[in-house]
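Shown next: my_file00.cif, given as mmCIF, N, CA and C atoms.
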```cif
data_upload
#
loop_
_atom_site.label_atom_id
_atom_site.label_comp_id
_atom_site.auth_asym_id
_atom_site.auth_seq_id
_atom_site.Cartn_x
_atom_site.Cartn_y
_atom_site.Cartn_z
N MET Q 87 0.82 -1.18 0.00
CA MET Q 87 0.00 0.00 0.00
C MET Q 87 0.87 1.26 0.00
N LYS Q 88 1.99 1.19 0.69
CA LYS Q 88 2.86 2.36 0.77
C LYS Q 88 3.35 2.77 -0.62
N ASN Q 89 3.76 1.80 -1.44
CA ASN Q 89 4.24 2.11 -2.80
C ASN Q 89 3.13 2.71 -3.66
N LEU Q 90 1.91 2.26 -3.44
CA LEU Q 90 0.78 2.76 -4.21
C LEU Q 90 0.59 4.26 -4.00
N ARG Q 91 0.75 4.72 -2.79
CA ARG Q 91 0.55 6.14 -2.48
C ARG Q 91 1.67 7.03 -3.01
N GLN Q 92 2.79 6.44 -3.39
CA GLN Q 92 3.92 7.23 -3.87
C GLN Q 92 3.84 7.49 -5.37
N LYS Q 93 2.94 6.80 -6.04
CA LYS Q 93 2.81 6.95 -7.49
C LYS Q 93 1.70 7.93 -7.82
N PRO Q 94 1.82 8.61 -8.97
CA PRO Q 94 0.74 9.52 -9.37
C PRO Q 94 -0.56 8.75 -9.61
N LEU Q 95 -1.66 9.37 -9.27
CA LEU Q 95 -2.97 8.77 -9.43
C LEU Q 95 -3.35 8.71 -10.91
N GLN Q 96 -3.85 7.56 -11.35
CA GLN Q 96 -4.35 7.38 -12.71
C GLN Q 96 -5.72 6.72 -12.59
N VAL Q 97 -6.71 7.29 -13.25
CA VAL Q 97 -8.09 6.87 -13.07
C VAL Q 97 -8.73 6.51 -14.40
N VAL Q 98 -9.56 5.46 -14.39
CA VAL Q 98 -10.43 5.15 -15.52
C VAL Q 98 -11.84 5.45 -15.05
N ASN Q 99 -12.51 6.35 -15.74
CA ASN Q 99 -13.86 6.77 -15.37
C ASN Q 99 -14.86 6.15 -16.34
N LEU Q 100 -15.88 5.49 -15.79
CA LEU Q 100 -16.93 4.88 -16.60
C LEU Q 100 -18.23 5.64 -16.38
N GLY Q 101 -18.85 6.05 -17.47
CA GLY Q 101 -20.17 6.65 -17.33
C GLY Q 101 -20.18 8.16 -17.43
N LEU Q 102 -20.50 8.81 -16.32
CA LEU Q 102 -20.69 10.25 -16.33
C LEU Q 102 -19.39 11.01 -16.56
N GLU Q 103 -19.36 11.77 -17.62
CA GLU Q 103 -18.14 12.49 -18.01
C GLU Q 103 -17.80 13.60 -17.02
N ILE Q 104 -18.78 14.10 -16.29
CA ILE Q 104 -18.52 15.18 -15.34
C ILE Q 104 -17.49 14.76 -14.29
N PHE Q 105 -17.49 13.47 -13.91
CA PHE Q 105 -16.50 12.99 -12.95
C PHE Q 105 -15.10 13.08 -13.53
N ALA Q 106 -14.95 12.71 -14.79
CA ALA Q 106 -13.65 12.80 -15.45
C ALA Q 106 -13.21 14.26 -15.55
N ASP Q 107 -14.15 15.13 -15.87
CA ASP Q 107 -13.83 16.56 -15.97
C ASP Q 107 -13.32 17.11 -14.64
N GLU Q 108 -13.96 16.72 -13.56
CA GLU Q 108 -13.54 17.18 -12.23
C GLU Q 108 -12.13 16.70 -11.89
N LEU Q 109 -11.84 15.46 -12.25
CA LEU Q 109 -10.49 14.94 -12.00
C LEU Q 109 -9.45 15.67 -12.84
N LYS Q 110 -9.79 15.93 -14.10
CA LYS Q 110 -8.87 16.67 -14.98
C LYS Q 110 -8.58 18.05 -14.41
N ASP Q 111 -9.61 18.69 -13.86
CA ASP Q 111 -9.44 20.02 -13.26
C ASP Q 111 -8.47 19.98 -12.09
N GLN Q 112 -8.31 18.79 -11.49
CA GLN Q 112 -7.39 18.63 -10.35
C GLN Q 112 -6.06 18.01 -10.78
N ASN Q 113 -5.82 18.03 -12.11
CA ASN Q 113 -4.57 17.52 -12.69
C ASN Q 113 -4.35 16.03 -12.41
N VAL Q 114 -5.44 15.27 -12.41
CA VAL Q 114 -5.35 13.83 -12.26
C VAL Q 114 -5.44 13.21 -13.65
N ALA Q 115 -4.55 12.26 -13.93
CA ALA Q 115 -4.59 11.56 -15.21
C ALA Q 115 -5.84 10.69 -15.25
N VAL Q 116 -6.72 10.95 -16.21
CA VAL Q 116 -7.98 10.22 -16.26
C VAL Q 116 -8.31 9.82 -17.70
N THR Q 117 -8.80 8.60 -17.85
CA THR Q 117 -9.30 8.13 -19.13
C THR Q 117 -10.80 7.94 -18.97
N HIS Q 118 -11.57 8.61 -19.81
CA HIS Q 118 -13.03 8.51 -19.73
C HIS Q 118 -13.54 7.49 -20.74
N VAL Q 119 -14.40 6.59 -20.28
CA VAL Q 119 -15.02 5.60 -21.14
C VAL Q 119 -16.52 5.90 -21.17
N ARG Q 120 -17.02 6.14 -22.37
CA ARG Q 120 -18.45 6.41 -22.52
C ARG Q 120 -19.19 5.08 -22.43
N TRP Q 121 -19.76 4.81 -21.29
CA TRP Q 121 -20.46 3.55 -21.07
C TRP Q 121 -21.89 3.83 -20.63
N ARG Q 122 -22.78 3.01 -21.11
CA ARG Q 122 -24.17 3.06 -20.69
C ARG Q 122 -24.64 1.63 -20.47
N PRO Q 123 -25.61 1.44 -19.59
CA PRO Q 123 -26.12 0.08 -19.40
C PRO Q 123 -26.75 -0.45 -20.68
N PRO Q 124 -26.66 -1.75 -20.92
CA PRO Q 124 -27.30 -2.31 -22.11
C PRO Q 124 -28.80 -1.95 -22.14
N ALA Q 125 -29.28 -1.65 -23.32
CA ALA Q 125 -30.69 -1.31 -23.55
C ALA Q 125 -31.12 -0.10 -22.73
N GLY Q 126 -30.18 0.79 -22.44
CA GLY Q 126 -30.53 1.99 -21.68
C GLY Q 126 -30.99 1.72 -20.27
N GLY Q 127 -30.68 0.52 -19.74
CA GLY Q 127 -31.07 0.18 -18.37
C GLY Q 127 -32.52 -0.26 -18.25
N LYS Q 128 -33.20 -0.42 -19.38
CA LYS Q 128 -34.61 -0.82 -19.35
C LYS Q 128 -34.69 -2.35 -19.35
N PRO Q 129 -35.20 -2.94 -18.26
CA PRO Q 129 -35.20 -4.40 -18.12
C PRO Q 129 -35.89 -5.14 -19.27
N HIS Q 130 -37.01 -4.64 -19.75
CA HIS Q 130 -37.72 -5.37 -20.81
C HIS Q 130 -36.92 -5.37 -22.12
N LEU Q 131 -36.21 -4.28 -22.40
CA LEU Q 131 -35.37 -4.25 -23.60
C LEU Q 131 -34.14 -5.14 -23.42
N HIS Q 132 -33.63 -5.19 -22.21
CA HIS Q 132 -32.48 -6.05 -21.92
C HIS Q 132 -32.85 -7.51 -22.13
N GLU Q 133 -34.04 -7.90 -21.71
CA GLU Q 133 -34.50 -9.27 -21.91
C GLU Q 133 -34.57 -9.61 -23.40
N ILE Q 134 -35.05 -8.67 -24.20
CA ILE Q 134 -35.13 -8.89 -25.65
C ILE Q 134 -33.73 -9.07 -26.23
N LEU Q 135 -32.78 -8.23 -25.80
CA LEU Q 135 -31.41 -8.36 -26.29
C LEU Q 135 -30.81 -9.71 -25.90
N GLU Q 136 -31.10 -10.18 -24.69
CA GLU Q 136 -30.58 -11.48 -24.26
C GLU Q 136 -31.14 -12.60 -25.13
N LYS Q 137 -32.44 -12.52 -25.46
CA LYS Q 137 -33.06 -13.54 -26.31
C LYS Q 137 -32.44 -13.53 -27.71
N LEU Q 138 -32.18 -12.34 -28.24
CA LEU Q 138 -31.54 -12.24 -29.55
C LEU Q 138 -30.13 -12.82 -29.51
N GLU Q 139 -29.43 -12.58 -28.42
CA GLU Q 139 -28.07 -13.11 -28.28
C GLU Q 139 -28.10 -14.64 -28.24
N GLU Q 140 -29.11 -15.22 -27.57
CA GLU Q 140 -29.23 -16.67 -27.52
C GLU Q 140 -29.48 -17.25 -28.90
N LEU Q 141 -30.25 -16.56 -29.72
CA LEU Q 141 -30.52 -17.01 -31.08
C LEU Q 141 -29.27 -16.98 -31.94
N ASP Q 142 -28.36 -16.09 -31.61
CA ASP Q 142 -27.13 -15.92 -32.40
C ASP Q 142 -26.10 -17.01 -32.09
N ARG Q 143 -26.29 -17.74 -31.02
CA ARG Q 143 -25.31 -18.77 -30.62
C ARG Q 143 -25.42 -20.01 -31.42
#
```

Translate this structure into structure tokens?
Amino acid sequence: MKNLRQKPLQVVNLGLEIFADELKDQNVAVTHVRWRPPAGGKPHLHEILEKLEELDR
């Protein structure tokens, strides 16, 4: 743990870009990944996607 604190912070941010922006403003090395839940987080659409994926196998 001691060695970890001696190195510069590097962050991977998933989702909301505002978090990455805040880290950048504090001179933290950050990589932002634009991620969203499958089917926009809507369970019924997610079920449809899963069924389509099963058909593709």

(request) On this file, the PyMOL selection byres ((chain Q and resi 117) around 6.5) gives some set of residues; write that set as number ranges by chain. (result) Q: 96-100, 115-116, 118-119

(request) Could you jot down the CA of Ile104 in chain Q to CA of Ala125 in chain Q separation for me, Å, one decimal place? (result) 22.1 Å

(request) Kindly give the distance, in Å, that separates CA of Gly101 in chain Q and CA of Gly126 in chain Q, rounded to a single decimal. (result)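 Value for the CA of Gly101 in chain Q-CA of Gly126 in chain Q distance: 12.2 Å.
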
(request) List every residue of chain Q that DSSP, applied to the backbone, labels as strand (DSSP E), and write the result as JSON, numbers by chain. (result) {"Q": [96, 97, 98, 99, 100, 115, 116, 117, 118, 119]}

(request) To one decimal in Å, tell me the separation between CA of Gln112 in chain Q and CA of Asn89 in chain Q. (result) 21.6 Å
